[in-house]
$ cat entry03.pdb   # PDB, C-alpha atoms
MODEL        1
ATOM      1  CA  MET A  17     120.819  43.262 140.669  1.00  0.00           C
ATOM      2  CA  THR A  18     120.616  46.990 139.926  1.00  0.00           C
ATOM      3  CA  THR A  19     117.593  49.125 140.596  1.00  0.00           C
ATOM      4  CA  GLU A  20     117.106  51.969 138.136  1.00  0.00           C
ATOM      5  CA  ILE A  21     115.136  54.998 139.210  1.00  0.00           C
ATOM      6  CA  ARG A  22     112.783  55.918 136.415  1.00  0.00           C
ATOM      7  CA  ILE A  23     110.764  59.097 136.275  1.00  0.00           C
ATOM      8  CA  PRO A  24     108.003  58.876 133.685  1.00  0.00           C
ATOM      9  CA  GLY A  25     107.985  61.833 131.341  1.00  0.00           C
ATOM     10  CA  ARG A  26     109.119  63.109 127.995  1.00  0.00           C
ATOM     11  CA  THR A  27     111.683  65.655 126.884  1.00  0.00           C
ATOM     12  CA  VAL A  28     110.030  68.730 125.398  1.00  0.00           C
ATOM     13  CA  ASN A  29     110.848  72.372 124.746  1.00  0.00           C
ATOM     14  CA  LEU A  30     109.866  74.524 127.745  1.00  0.00           C
ATOM     15  CA  ASP A  31     107.863  76.990 125.672  1.00  0.00           C
ATOM     16  CA  ARG A  32     105.529  74.161 124.596  1.00  0.00           C
ATOM     17  CA  LEU A  33     104.372  73.404 128.159  1.00  0.00           C
ATOM     18  CA  LYS A  34     100.986  74.708 129.217  1.00  0.00           C
ATOM     19  CA  PRO A  35     100.309  76.275 132.636  1.00  0.00           C
ATOM     20  CA  GLY A  36      99.782  73.668 135.348  1.00  0.00           C
ATOM     21  CA  THR A  37     102.427  71.321 133.905  1.00  0.00           C
ATOM     22  CA  CYS A  38     105.237  70.071 136.142  1.00  0.00           C
ATOM     23  CA  TYR A  39     108.718  69.633 134.731  1.00  0.00           C
ATOM     24  CA  LEU A  40     112.296  68.833 135.729  1.00  0.00           C
ATOM     25  CA  ALA A  41     115.163  70.980 134.459  1.00  0.00           C
ATOM     26  CA  ALA A  42     118.839  71.444 135.221  1.00  0.00           C
ATOM     27  CA  GLY A  43     119.321  73.900 138.076  1.00  0.00           C
ATOM     28  CA  PRO A  44     122.320  75.482 139.797  1.00  0.00           C
ATOM     29  CA  ALA A  45     122.361  72.848 142.568  1.00  0.00           C
ATOM     30  CA  GLY A  46     120.934  69.843 140.740  1.00  0.00           C
ATOM     31  CA  PRO A  47     117.583  69.241 139.058  1.00  0.00           C
ATOM     32  CA  ASP A  48     114.799  71.746 139.698  1.00  0.00           C
ATOM     33  CA  LEU A  49     111.189  70.638 139.863  1.00  0.00           C
ATOM     34  CA  ALA A  50     108.825  73.382 138.715  1.00  0.00           C
ATOM     35  CA  LEU A  51     105.201  74.115 137.897  1.00  0.00           C
ATOM     36  CA  VAL A  52     104.471  76.303 134.865  1.00  0.00           C
ATOM     37  CA  VAL A  53     102.386  79.260 136.066  1.00  0.00           C
ATOM     38  CA  ILE A  54     100.714  82.369 134.682  1.00  0.00           C
ATOM     39  CA  TRP A  55     101.004  85.535 136.748  1.00  0.00           C
ATOM     40  CA  GLU A  56     100.207  89.060 135.627  1.00  0.00           C
ATOM     41  CA  GLY A  57      99.714  87.761 132.091  1.00  0.00           C
ATOM     42  CA  ARG A  58     103.205  86.223 131.854  1.00  0.00           C
ATOM     43  CA  ARG A  59     104.463  82.663 132.005  1.00  0.00           C
ATOM     44  CA  GLY A  60     106.729  81.759 134.861  1.00  0.00           C
ATOM     45  CA  ALA A  61     107.833  78.813 136.962  1.00  0.00           C
ATOM     46  CA  LEU A  62     107.053  78.071 140.597  1.00  0.00           C
ATOM     47  CA  LEU A  63     110.023  76.089 141.923  1.00  0.00           C
ATOM     48  CA  LEU A  64     108.690  73.238 144.037  1.00  0.00           C
ATOM     49  CA  ASN A  65     111.917  71.784 145.422  1.00  0.00           C
ATOM     50  CA  ARG A  66     113.665  75.010 146.426  1.00  0.00           C
ATOM     51  CA  ARG A  67     113.024  77.566 149.130  1.00  0.00           C
ATOM     52  CA  SER A  68     114.061  81.221 149.236  1.00  0.00           C
ATOM     53  CA  GLY A  69     114.273  84.010 151.777  1.00  0.00           C
ATOM     54  CA  ALA A  70     114.159  83.862 155.530  1.00  0.00           C
ATOM     55  CA  ARG A  71     110.626  82.438 155.546  1.00  0.00           C
ATOM     56  CA  GLY A  72     111.369  79.592 153.149  1.00  0.00           C
ATOM     57  CA  ASP A  73     108.968  80.671 150.396  1.00  0.00           C
ATOM     58  CA  LEU A  74     108.708  78.861 147.077  1.00  0.00           C
ATOM     59  CA  PRO A  75     110.448  81.070 144.494  1.00  0.00           C
ATOM     60  CA  VAL A  76     108.686  82.208 141.318  1.00  0.00           C
ATOM     61  CA  LEU A  77     110.921  82.642 138.285  1.00  0.00           C
ATOM     62  CA  SER A  78     109.520  85.147 135.830  1.00  0.00           C
ATOM     63  CA  ARG A  79     112.189  85.007 133.150  1.00  0.00           C
ATOM     64  CA  LEU A  80     112.108  81.568 131.614  1.00  0.00           C
ATOM     65  CA  THR A  81     114.596  80.556 128.960  1.00  0.00           C
ATOM     66  CA  SER A  82     112.233  79.143 126.382  1.00  0.00           C
ATOM     67  CA  ASP A  83     114.782  77.472 124.119  1.00  0.00           C
ATOM     68  CA  VAL A  84     115.709  74.809 126.664  1.00  0.00           C
ATOM     69  CA  ASP A  85     114.529  71.199 126.711  1.00  0.00           C
ATOM     70  CA  VAL A  86     113.048  69.926 129.973  1.00  0.00           C
ATOM     71  CA  LEU A  87     111.530  66.674 131.202  1.00  0.00           C
ATOM     72  CA  GLU A  88     107.749  67.103 131.241  1.00  0.00           C
ATOM     73  CA  LEU A  89     106.171  65.069 134.040  1.00  0.00           C
ATOM     74  CA  GLN A  90     102.981  64.045 132.278  1.00  0.00           C
ATOM     75  CA  GLY A  91     100.024  63.687 134.608  1.00  0.00           C
ATOM     76  CA  ALA A  92     101.900  64.952 137.684  1.00  0.00           C
ATOM     77  CA  VAL A  93      99.663  65.665 140.680  1.00  0.00           C
ATOM     78  CA  LEU A  94     100.398  67.445 143.961  1.00  0.00           C
ATOM     79  CA  VAL A  95      98.851  65.706 146.967  1.00  0.00           C
ATOM     80  CA  PRO A  96      99.141  65.952 150.748  1.00  0.00           C
ATOM     81  CA  SER A  97     101.644  63.546 152.239  1.00  0.00           C
ATOM     82  CA  GLY A  98     101.245  61.796 155.549  1.00  0.00           C
ATOM     83  CA  ALA A  99      98.166  61.114 157.648  1.00  0.00           C
ATOM     84  CA  ILE A 100      94.867  63.006 157.483  1.00  0.00           C
ATOM     85  CA  GLY A 101      95.724  64.376 160.937  1.00  0.00           C
ATOM     86  CA  ASP A 102      98.704  66.174 159.395  1.00  0.00           C
ATOM     87  CA  ILE A 103      96.350  68.596 157.623  1.00  0.00           C
ATOM     88  CA  ALA A 104      96.141  71.767 159.703  1.00  0.00           C
ATOM     89  CA  PHE A 105      93.391  74.374 159.855  1.00  0.00           C
ATOM     90  CA  GLY A 106      93.682  78.103 160.452  1.00  0.00           C
ATOM     91  CA  ARG A 107      96.454  80.572 159.743  1.00  0.00           C
ATOM     92  CA  ALA A 108      99.233  79.146 157.556  1.00  0.00           C
ATOM     93  CA  GLU A 109     101.667  82.037 158.010  1.00  0.00           C
ATOM     94  CA  ALA A 110     104.255  79.804 159.672  1.00  0.00           C
ATOM     95  CA  SER A 111     104.159  77.432 156.708  1.00  0.00           C
ATOM     96  CA  PRO A 112     104.716  79.452 153.523  1.00  0.00           C
ATOM     97  CA  ALA A 113     105.412  76.393 151.349  1.00  0.00           C
ATOM     98  CA  ALA A 114     102.271  74.533 152.444  1.00  0.00           C
ATOM     99  CA  LEU A 115      99.787  72.987 150.017  1.00  0.00           C
ATOM    100  CA  HIS A 116      96.477  74.775 150.672  1.00  0.00           C
ATOM    101  CA  LEU A 117      93.236  72.849 150.119  1.00  0.00           C
ATOM    102  CA  GLY A 118      89.838  74.367 149.500  1.00  0.00           C
ATOM    103  CA  ASP A 119      86.840  74.645 147.196  1.00  0.00           C
ATOM    104  CA  GLY A 120      87.840  71.366 145.528  1.00  0.00           C
ATOM    105  CA  ARG A 121      91.226  72.788 144.515  1.00  0.00           C
ATOM    106  CA  ALA A 122      94.787  72.920 145.775  1.00  0.00           C
ATOM    107  CA  TYR A 123      96.964  76.032 145.914  1.00  0.00           C
ATOM    108  CA  LEU A 124     100.618  76.894 146.460  1.00  0.00           C
ATOM    109  CA  CYS A 125     102.042  80.311 147.218  1.00  0.00           C
ATOM    110  CA  GLY A 126     105.234  81.668 145.738  1.00  0.00           C
ATOM    111  CA  ARG A 127     107.280  84.834 146.029  1.00  0.00           C
ATOM    112  CA  ASP A 128     109.068  86.535 143.158  1.00  0.00           C
ATOM    113  CA  GLY A 129     112.464  88.247 143.260  1.00  0.00           C
ATOM    114  CA  HIS A 130     110.783  91.557 144.185  1.00  0.00           C
ATOM    115  CA  GLY A 131     109.160  90.042 147.277  1.00  0.00           C
ATOM    116  CA  ARG A 132     105.626  89.954 145.859  1.00  0.00           C
ATOM    117  CA  LEU A 133     103.508  86.987 146.949  1.00  0.00           C
ATOM    118  CA  ALA A 134     101.166  85.114 144.601  1.00  0.00           C
ATOM    119  CA  THR A 135      98.831  82.152 145.054  1.00  0.00           C
ATOM    120  CA  PHE A 136      98.610  79.600 142.234  1.00  0.00           C
ATOM    121  CA  ASP A 137      96.029  76.933 141.460  1.00  0.00           C
ATOM    122  CA  VAL A 138      98.214  73.820 141.083  1.00  0.00           C
ATOM    123  CA  VAL A 139      96.039  72.272 138.353  1.00  0.00           C
ATOM    124  CA  SER A 140      95.679  75.274 136.049  1.00  0.00           C
ATOM    125  CA  GLY A 141      98.874  77.095 137.059  1.00  0.00           C
ATOM    126  CA  VAL A 142      96.967  80.381 137.014  1.00  0.00           C
ATOM    127  CA  ALA A 143      97.445  82.965 139.757  1.00  0.00           C
ATOM    128  CA  SER A 144      94.402  83.201 142.010  1.00  0.00           C
ATOM    129  CA  ALA A 145      92.946  86.033 144.061  1.00  0.00           C
ATOM    130  CA  ILE A 146      92.062  83.580 146.849  1.00  0.00           C
ATOM    131  CA  ASP A 147      93.676  84.170 150.246  1.00  0.00           C
ATOM    132  CA  PRO A 148      94.786  80.707 151.325  1.00  0.00           C
ATOM    133  CA  ALA A 149      95.697  81.724 154.894  1.00  0.00           C
ATOM    134  CA  ASP A 150      92.492  80.341 156.407  1.00  0.00           C
ATOM    135  CA  LEU A 151      92.267  77.228 154.221  1.00  0.00           C
ATOM    136  CA  PRO A 152      93.230  73.795 155.514  1.00  0.00           C
ATOM    137  CA  HIS A 153      96.831  73.133 154.565  1.00  0.00           C
ATOM    138  CA  ALA A 154      99.363  70.339 154.468  1.00  0.00           C
ATOM    139  CA  ARG A 155     102.945  71.264 155.341  1.00  0.00           C
ATOM    140  CA  ARG A 156     104.022  67.938 153.897  1.00  0.00           C
ATOM    141  CA  TRP A 157     103.032  67.198 150.318  1.00  0.00           C
ATOM    142  CA  ARG A 158     104.403  65.329 147.345  1.00  0.00           C
ATOM    143  CA  VAL A 159     104.443  65.347 143.579  1.00  0.00           C
ATOM    144  CA  ILE A 160     103.359  62.032 142.077  1.00  0.00           C
ATOM    145  CA  VAL A 161     103.286  60.853 138.473  1.00  0.00           C
ATOM    146  CA  PRO A 162     101.064  57.993 137.287  1.00  0.00           C
ATOM    147  CA  GLU A 163     102.850  54.914 136.031  1.00  0.00           C
ATOM    148  CA  ALA A 164     101.410  51.780 134.416  1.00  0.00           C
ATOM    149  CA  ASP A 165     101.205  49.892 137.732  1.00  0.00           C
ATOM    150  CA  GLY A 166     100.826  52.716 140.243  1.00  0.00           C
ATOM    151  CA  VAL A 167     102.452  56.062 140.898  1.00  0.00           C
ATOM    152  CA  VAL A 168     105.995  57.342 141.235  1.00  0.00           C
ATOM    153  CA  THR A 169     106.763  59.943 143.903  1.00  0.00           C
ATOM    154  CA  VAL A 170     109.000  62.496 142.211  1.00  0.00           C
ATOM    155  CA  TYR A 171     109.359  64.848 145.164  1.00  0.00           C
ATOM    156  CA  GLU A 172     108.209  65.012 148.775  1.00  0.00           C
ATOM    157  CA  SER A 173     108.337  68.274 150.710  1.00  0.00           C
ATOM    158  CA  SER A 174     109.883  67.985 154.133  1.00  0.00           C
ATOM    159  CA  GLY A 175     107.318  70.109 155.970  1.00  0.00           C
ATOM    160  CA  THR A 176     110.039  71.581 158.152  1.00  0.00           C
ATOM    161  CA  ASP A 177     109.919  75.020 156.533  1.00  0.00           C
TER
ENDMDL
END
$ encode --input "entry03.pdb" --output "structure tokens"
Amino acid sequence: MTTEIRIPGRTVNLDRLKPGTCYLAAGPAGPDLALVVIWEGRRGALLLNRRSGARGDLPVLSRLTSDVDVLELQGAVLVPSGAIGDIAFGRAEASPAALHLGDGRAYLCGRDGHGRLATFDVVSGVASAIDPADLPHARRWRVIVPEADGVVTVYESSGTD
């Protein structure tokens, strides 16, 4: 018996995705999982399964190739992973790739190629002026996609950043 891994989604042109949408695309070292974001009035991508720099920040790509087809992960949600006790309070400086929770929303921070840091609302994909440093945060989080009989975990962060 063979088990096939199936990720629910649909192939679509990248320029048709709205901010806050998660997608999979071919990357230099295998598939990249990204969130479409808006920062400084431009579309970009926050890479969720890659880290950059000495601190292990999530990279923000500002130059997206729009004529490429990607796998849109319809209904993808980012949620903390692990036990409730794994959610930490206070300064999150040691955990740059943490999922920050507050005011009924979740946020991720990313850093562009120029070293500038931005905070993004993971539902809308829009850059936020909120400082997530003092918000509760989960170092371990995952991306899930609803399926007919449950959810599929597409990616789980290691929390070891």
$ closest_residue --input "entry03.pdb" --among "A:Ser174, A:Ser68, A:Ser97, A:Thr81" --to "Ala42 in chain A" --atoms "all atoms listed in the file"
A:Thr81
$ closest_residue --input "entry03.pdb" --among "A:Ala113, A:Val86, A:Val161, A:Leu30" --to "Arg71 in chain A" --atoms "all atoms listed in the file"
A:Ala113
$ resolve_selection --input "entry03.pdb" --expression "the PyMOL selection byres ((chain A and resi 115) around 8)" --output "list in words"
Val95, Pro96, Ala113, Ala114, His116, Leu117, Ala122, Tyr123, Leu124, His153, Ala154, Arg155, Arg156 and Trp157 of chain A
$ resolve_selection --input "entry03.pdb" --expression "the PyMOL selection byres ((chain A and resi 172) around 6)" --output "list in words"
Trp157, Arg158, Tyr171 and Ser173 of chain A
$ atom_distance --input "entry03.pdb" --atom1 "CA of Arg127 in chain A" --atom2 "CA of Gly43 in chain A"
18.1 Å
$ closest_residue --input "entry03.pdb" --among "A:Ile103, A:Arg59, A:Ile160, A:Val167" --to "Arg32 in chain A" --atoms "all atoms listed in the file"
A:Arg59
$ resolve_selection --input "entry03.pdb" --expression "the PyMOL selection byres ((chain A and resi 89) around 10)" --output "list in words"
Ile23, Pro24, Gly25, Arg26, Thr27, Thr37, Cys38, Tyr39, Leu40, Leu49, Ala50, Leu51, Val86, Leu87, Glu88, Gln90, Gly91, Ala92, Val93, Val159, Ile160, Val161, Pro162 and Val170 of chain A
$ residues_around --input "entry03.pdb" --residues "Pro75 in chain A" --least-positions-apart "5" --cutoff "12 Å" --atoms "all atoms listed in the file" --output "ChimeraX atom specification"
/A:48-51,53,60-70,112-113,124-135
$ closest_residue --input "entry03.pdb" --among "A:Arg58, A:Asn29, A:Pro47, A:Ile146" --to "Asp85 in chain A" --atoms "all atoms listed in the file"
A:Asn29
$ residues_near_point --input "entry03.pdb" --point "(100.4, 74.9, 128.7)" --cutoff "9 Å" --atoms "only C-alpha atoms" --output "VMD selection string"
chain A and resid 31 to 37 52 to 53 140 to 141
$ closest_residue --input "entry03.pdb" --among "A:Gly57, A:Gly98, A:Gly72, A:Pro152" --to "Gly120 in chain A" --atoms "all atoms listed in the file"
A:Pro152
$ closest_residue --input "entry03.pdb" --among "A:Ala104, A:Val84, A:Leu94, A:Ile54" --to "Ala41 in chain A" --atoms "only C-alpha atoms"
A:Val84
$ atom_distance --input "entry03.pdb" --atom1 "CA of Ala149 in chain A" --atom2 "CA of Asp73 in chain A"
14.1 Å
$ build_atoms --input "entry03.pdb" --residues "range 66-77 of chain A" --atoms "all heavy atoms" --output "PDB file, in the frame of the given file"
ATOM      1  N   ARG A  66     112.733  74.015 145.884  1.00  0.00           N
ATOM      2  CA  ARG A  66     113.665  75.010 146.426  1.00  0.00           C
ATOM      3  C   ARG A  66     112.910  75.961 147.332  1.00  0.00           C
ATOM      4  O   ARG A  66     111.721  76.157 147.160  1.00  0.00           O
ATOM      5  CB  ARG A  66     114.275  75.836 145.284  1.00  0.00           C
ATOM      6  CG  ARG A  66     115.641  75.387 144.902  1.00  0.00           C
ATOM      7  CD  ARG A  66     116.390  76.508 144.239  1.00  0.00           C
ATOM      8  NE  ARG A  66     116.391  76.360 142.793  1.00  0.00           N
ATOM      9  CZ  ARG A  66     116.737  77.328 141.976  1.00  0.00           C
ATOM     10  NH1 ARG A  66     117.080  78.504 142.429  1.00  0.00           N
ATOM     11  NH2 ARG A  66     116.732  77.133 140.685  1.00  0.00           N
ATOM     12  N   ARG A  67     113.603  76.542 148.250  1.00  0.00           N
ATOM     13  CA  ARG A  67     113.024  77.566 149.130  1.00  0.00           C
ATOM     14  C   ARG A  67     113.892  78.815 149.032  1.00  0.00           C
ATOM     15  O   ARG A  67     115.077  78.734 148.746  1.00  0.00           O
ATOM     16  CB  ARG A  67     112.987  77.099 150.586  1.00  0.00           C
ATOM     17  CG  ARG A  67     112.247  75.781 150.808  1.00  0.00           C
ATOM     18  CD  ARG A  67     110.752  75.962 150.609  1.00  0.00           C
ATOM     19  NE  ARG A  67     110.017  74.736 150.881  1.00  0.00           N
ATOM     20  CZ  ARG A  67     109.670  73.848 149.984  1.00  0.00           C
ATOM     21  NH1 ARG A  67     110.040  73.997 148.741  1.00  0.00           N
ATOM     22  NH2 ARG A  67     108.968  72.793 150.302  1.00  0.00           N
ATOM     23  N   SER A  68     113.286  79.981 149.288  1.00  0.00           N
ATOM     24  CA  SER A  68     114.061  81.221 149.236  1.00  0.00           C
ATOM     25  C   SER A  68     113.662  82.120 150.392  1.00  0.00           C
ATOM     26  O   SER A  68     112.575  81.994 150.951  1.00  0.00           O
ATOM     27  CB  SER A  68     113.839  81.946 147.904  1.00  0.00           C
ATOM     28  OG  SER A  68     112.516  82.422 147.821  1.00  0.00           O
ATOM     29  N   GLY A  69     114.542  83.037 150.725  1.00  0.00           N
ATOM     30  CA  GLY A  69     114.273  84.010 151.777  1.00  0.00           C
ATOM     31  C   GLY A  69     114.278  83.404 153.158  1.00  0.00           C
ATOM     32  O   GLY A  69     114.377  82.197 153.342  1.00  0.00           O
ATOM     33  N   ALA A  70     114.129  84.278 154.130  1.00  0.00           N
ATOM     34  CA  ALA A  70     114.159  83.862 155.530  1.00  0.00           C
ATOM     35  C   ALA A  70     112.961  82.997 155.901  1.00  0.00           C
ATOM     36  O   ALA A  70     113.055  82.137 156.778  1.00  0.00           O
ATOM     37  CB  ALA A  70     114.197  85.094 156.429  1.00  0.00           C
ATOM     38  N   ARG A  71     111.841  83.197 155.223  1.00  0.00           N
ATOM     39  CA  ARG A  71     110.626  82.438 155.546  1.00  0.00           C
ATOM     40  C   ARG A  71     110.564  81.080 154.856  1.00  0.00           C
ATOM     41  O   ARG A  71     109.740  80.258 155.186  1.00  0.00           O
ATOM     42  CB  ARG A  71     109.390  83.241 155.159  1.00  0.00           C
ATOM     43  CG  ARG A  71     109.155  84.447 156.016  1.00  0.00           C
ATOM     44  CD  ARG A  71     107.941  85.256 155.569  1.00  0.00           C
ATOM     45  NE  ARG A  71     106.926  84.526 154.853  1.00  0.00           N
ATOM     46  CZ  ARG A  71     105.780  84.086 155.384  1.00  0.00           C
ATOM     47  NH1 ARG A  71     105.531  84.297 156.643  1.00  0.00           N
ATOM     48  NH2 ARG A  71     104.898  83.441 154.647  1.00  0.00           N
ATOM     49  N   GLY A  72     111.402  80.862 153.858  1.00  0.00           N
ATOM     50  CA  GLY A  72     111.369  79.592 153.149  1.00  0.00           C
ATOM     51  C   GLY A  72     110.278  79.506 152.100  1.00  0.00           C
ATOM     52  O   GLY A  72     109.678  78.453 151.891  1.00  0.00           O
ATOM     53  N   ASP A  73     109.993  80.645 151.444  1.00  0.00           N
ATOM     54  CA  ASP A  73     108.968  80.671 150.396  1.00  0.00           C
ATOM     55  C   ASP A  73     109.408  79.890 149.174  1.00  0.00           C
ATOM     56  O   ASP A  73     110.597  79.712 148.915  1.00  0.00           O
ATOM     57  CB  ASP A  73     108.709  82.122 149.960  1.00  0.00           C
ATOM     58  CG  ASP A  73     108.063  82.945 151.047  1.00  0.00           C
ATOM     59  OD1 ASP A  73     107.060  82.493 151.615  1.00  0.00           O
ATOM     60  OD2 ASP A  73     108.570  84.053 151.325  1.00  0.00           O
ATOM     61  N   LEU A  74     108.425  79.461 148.369  1.00  0.00           N
ATOM     62  CA  LEU A  74     108.708  78.861 147.077  1.00  0.00           C
ATOM     63  C   LEU A  74     109.003  80.007 146.107  1.00  0.00           C
ATOM     64  O   LEU A  74     108.204  80.930 145.997  1.00  0.00           O
ATOM     65  CB  LEU A  74     107.503  78.057 146.576  1.00  0.00           C
ATOM     66  CG  LEU A  74     107.084  76.858 147.419  1.00  0.00           C
ATOM     67  CD1 LEU A  74     105.803  76.253 146.865  1.00  0.00           C
ATOM     68  CD2 LEU A  74     108.181  75.825 147.469  1.00  0.00           C
ATOM     69  N   PRO A  75     110.130  79.967 145.415  1.00  0.00           N
ATOM     70  CA  PRO A  75     110.448  81.070 144.494  1.00  0.00           C
ATOM     71  C   PRO A  75     109.690  80.956 143.170  1.00  0.00           C
ATOM     72  O   PRO A  75     109.431  79.858 142.672  1.00  0.00           O
ATOM     73  CB  PRO A  75     111.950  80.925 144.260  1.00  0.00           C
ATOM     74  CG  PRO A  75     112.311  79.560 144.691  1.00  0.00           C
ATOM     75  CD  PRO A  75     111.231  79.037 145.583  1.00  0.00           C
ATOM     76  N   VAL A  76     109.321  82.122 142.629  1.00  0.00           N
ATOM     77  CA  VAL A  76     108.686  82.208 141.318  1.00  0.00           C
ATOM     78  C   VAL A  76     109.705  82.824 140.371  1.00  0.00           C
ATOM     79  O   VAL A  76     110.214  83.915 140.626  1.00  0.00           O
ATOM     80  CB  VAL A  76     107.426  83.097 141.342  1.00  0.00           C
ATOM     81  CG1 VAL A  76     106.809  83.191 139.948  1.00  0.00           C
ATOM     82  CG2 VAL A  76     106.407  82.569 142.333  1.00  0.00           C
ATOM     83  N   LEU A  77     110.021  82.101 139.303  1.00  0.00           N
ATOM     84  CA  LEU A  77     110.921  82.642 138.285  1.00  0.00           C
ATOM     85  C   LEU A  77     110.077  83.236 137.176  1.00  0.00           C
ATOM     86  O   LEU A  77     109.216  82.561 136.615  1.00  0.00           O
ATOM     87  CB  LEU A  77     111.810  81.536 137.710  1.00  0.00           C
ATOM     88  CG  LEU A  77     112.695  80.780 138.699  1.00  0.00           C
ATOM     89  CD1 LEU A  77     113.481  79.700 137.977  1.00  0.00           C
ATOM     90  CD2 LEU A  77     113.624  81.740 139.417  1.00  0.00           C
TER      91      LEU A  77
END
